[in-house]
Amino acid sequence: MVQNEHTQRLNQVLDLSWDIFKSQFINGRHEINKEAPFQHHFADIINKVGNLYCLTREDAFYTDLETKFSNLKFENKHKYIDITCEFYKKSKCAIELKFKKESQGAQDHGRIDIFQDLEAVELACREVFDIGKLYVITDSKPYVNQSIRGVGTIFPTHNGYKTIPNLPYISTSKGREDITIRFENEYEFNWEEIQGYYFLSITVRKKSN
């Protein structure tokens, strides 16, 4: 049975949507070679699945792109959450996406971006949202394999890594100085490999009072 409790149901919606998106991505249903089409097509799937998960006449499901989160700024700019979705007035989710191709290079900055997005989702859940998700797709092995030196040891994204609560992750990377990231909770990087691509899903949950 579909969960009646709305946050649990919302998590079911996102898990199923992610499975559908990965399957469509691998089978080439849409041409996705950068973050914008990833955002567009994934949001469309979430919206369709979410509406199927409306169980009563009172249920309403909404999905939005680029939602301004006024309580959060990065580098003195307002943060926009990539996708937000909700069972109206019942439970809402903040979603951040990253799409990193091997051809793009810049894995050092990419790791910092991933940490910043995860922090943003955690902060959003602390302030407004009931659940958060970070989704990453890459064909670049440096994100998945453990580093022995450099930025990959400061911002580790390798498979099996667990973030350390309250530890300051401090950037010394050129062009990304003065970035410090802290997490309240522990998050584990569990990458899934499918036909040369690596997929990551991390869930953030609102702390109960």
# chains A, B, ... in the order shown; residues from 1 in each chain; ligands from 1
call {"tool": "residues_around", "arguments": {"residues": "Gly50 (chain A)", "least_positions_apart": "3", "cutoff": "6 Å", "atoms": "only C-alpha atoms", "output": "list in words"}}
result
Val13, Ile46, Asn47, Tyr53 and Phe61 of chain A
call {"tool": "residues_around", "arguments": {"residues": "region 95-109 of chain A", "least_positions_apart": "5", "cutoff": "10 Å", "atoms": "only C-alpha atoms", "output": "ChimeraX atom specification"}}
result
/A:14,32-39,42-43,65-66,80-85,114-118,120-121,124,131-143,150-152,154-156,171,173-176,197-201,203-204
call {"tool": "select_by_dssp", "arguments": {"residues": "region 59-195 of chain A", "states": "strand (DSSP E)", "output": "compact mmCIF listing (two decimals) with C-alpha atoms, in the first residue's frame"}}
result
# COMPACT_ATOMS: atom_id res chain seq x y z
CA PHE A 61 0.79 17.79 -5.51
CA TYR A 62 2.93 20.61 -6.89
CA THR A 63 6.41 20.82 -8.41
CA ASP A 64 8.43 24.00 -9.00
CA LEU A 65 11.82 24.86 -10.48
CA GLU A 66 14.38 27.34 -9.14
CA THR A 67 12.62 28.21 -5.91
CA LYS A 68 14.23 31.18 -4.17
CA PHE A 69 15.27 30.33 -0.63
CA SER A 70 15.66 33.75 1.00
CA ASN A 71 17.18 32.41 4.23
CA LEU A 72 20.18 30.97 2.39
CA LYS A 73 23.00 32.72 0.54
CA PHE A 74 26.17 31.45 -1.11
CA LYS A 77 23.90 35.53 -3.66
CA HIS A 78 20.46 34.18 -2.86
CA LYS A 79 20.27 30.43 -3.22
CA TYR A 80 17.72 28.93 -5.60
CA ILE A 81 16.69 25.33 -4.93
CA ASP A 82 16.77 23.34 -8.19
CA ILE A 83 13.46 21.53 -7.65
CA THR A 84 10.87 21.77 -4.89
CA CYS A 85 7.82 19.58 -4.60
CA GLU A 86 5.10 19.08 -2.05
CA PHE A 87 1.84 17.58 -1.02
CA SER A 91 4.91 17.90 3.34
CA LYS A 92 7.52 19.49 1.10
CA CYS A 93 10.92 18.52 -0.32
CA ALA A 94 13.99 20.48 -1.46
CA ILE A 95 16.05 18.88 -4.24
CA GLU A 96 19.51 19.80 -5.52
CA LEU A 97 21.03 18.29 -8.67
CA LYS A 98 24.52 17.98 -10.08
CA PHE A 99 25.49 16.65 -13.52
CA LYS A 100 29.26 16.32 -13.97
CA ILE A 131 12.78 16.24 3.53
CA GLY A 132 15.65 16.96 1.15
CA LYS A 133 17.42 15.14 -1.63
CA LEU A 134 20.76 15.50 -3.40
CA TYR A 135 21.10 13.72 -6.73
CA VAL A 136 24.36 13.51 -8.70
CA ILE A 137 25.13 11.93 -12.08
CA THR A 138 28.67 11.64 -13.43
CA TYR A 169 35.32 21.44 5.51
CA ILE A 170 37.48 24.40 4.44
CA THR A 180 33.60 26.61 4.86
CA ILE A 181 30.96 23.90 5.04
CA TRP A 191 27.41 5.52 -5.70
CA GLU A 192 25.56 3.20 -8.06
CA GLU A 193 27.30 2.32 -11.33
CA ILE A 194 25.16 1.66 -14.39
call {"tool": "residues_around", "arguments": {"residues": "Phe21 (chain A)", "least_positions_apart": "4", "cutoff": "9 Å", "atoms": "only C-alpha atoms", "output": "list in words"}}
result
Leu16, Ser17, Phe25, Ile26, Phe38, His41, Phe42 and Ile45 of chain A
call {"tool": "write_last_selection", "arguments": {"atoms": "C-alpha atoms", "output": "short mmCIF file (atom, residue, chain, number, x, y, z; two decimals), in the first residue's frame"}}
result
data_model
loop_
_atom_site.label_atom_id
_atom_site.label_comp_id
_atom_site.auth_asym_id
_atom_site.auth_seq_id
_atom_site.Cartn_x
_atom_site.Cartn_y
_atom_site.Cartn_z
CA LEU A 16 10.23 5.82 -7.68
CA SER A 17 10.87 8.97 -9.73
CA PHE A 25 18.59 8.23 -18.87
CA ILE A 26 20.45 4.97 -19.48
CA PHE A 38 18.36 16.81 -16.07
CA HIS A 41 12.95 15.94 -17.19
CA PHE A 42 13.38 14.82 -13.59
CA ILE A 45 8.67 12.72 -13.72
#
call {"tool": "closest_residue", "arguments": {"among": "A:Arg126, A:Asp15, A:Thr157, A:Phe183", "to": "Arg205 (chain A)", "atoms": "only C-alpha atoms"}}
result
A:Arg126
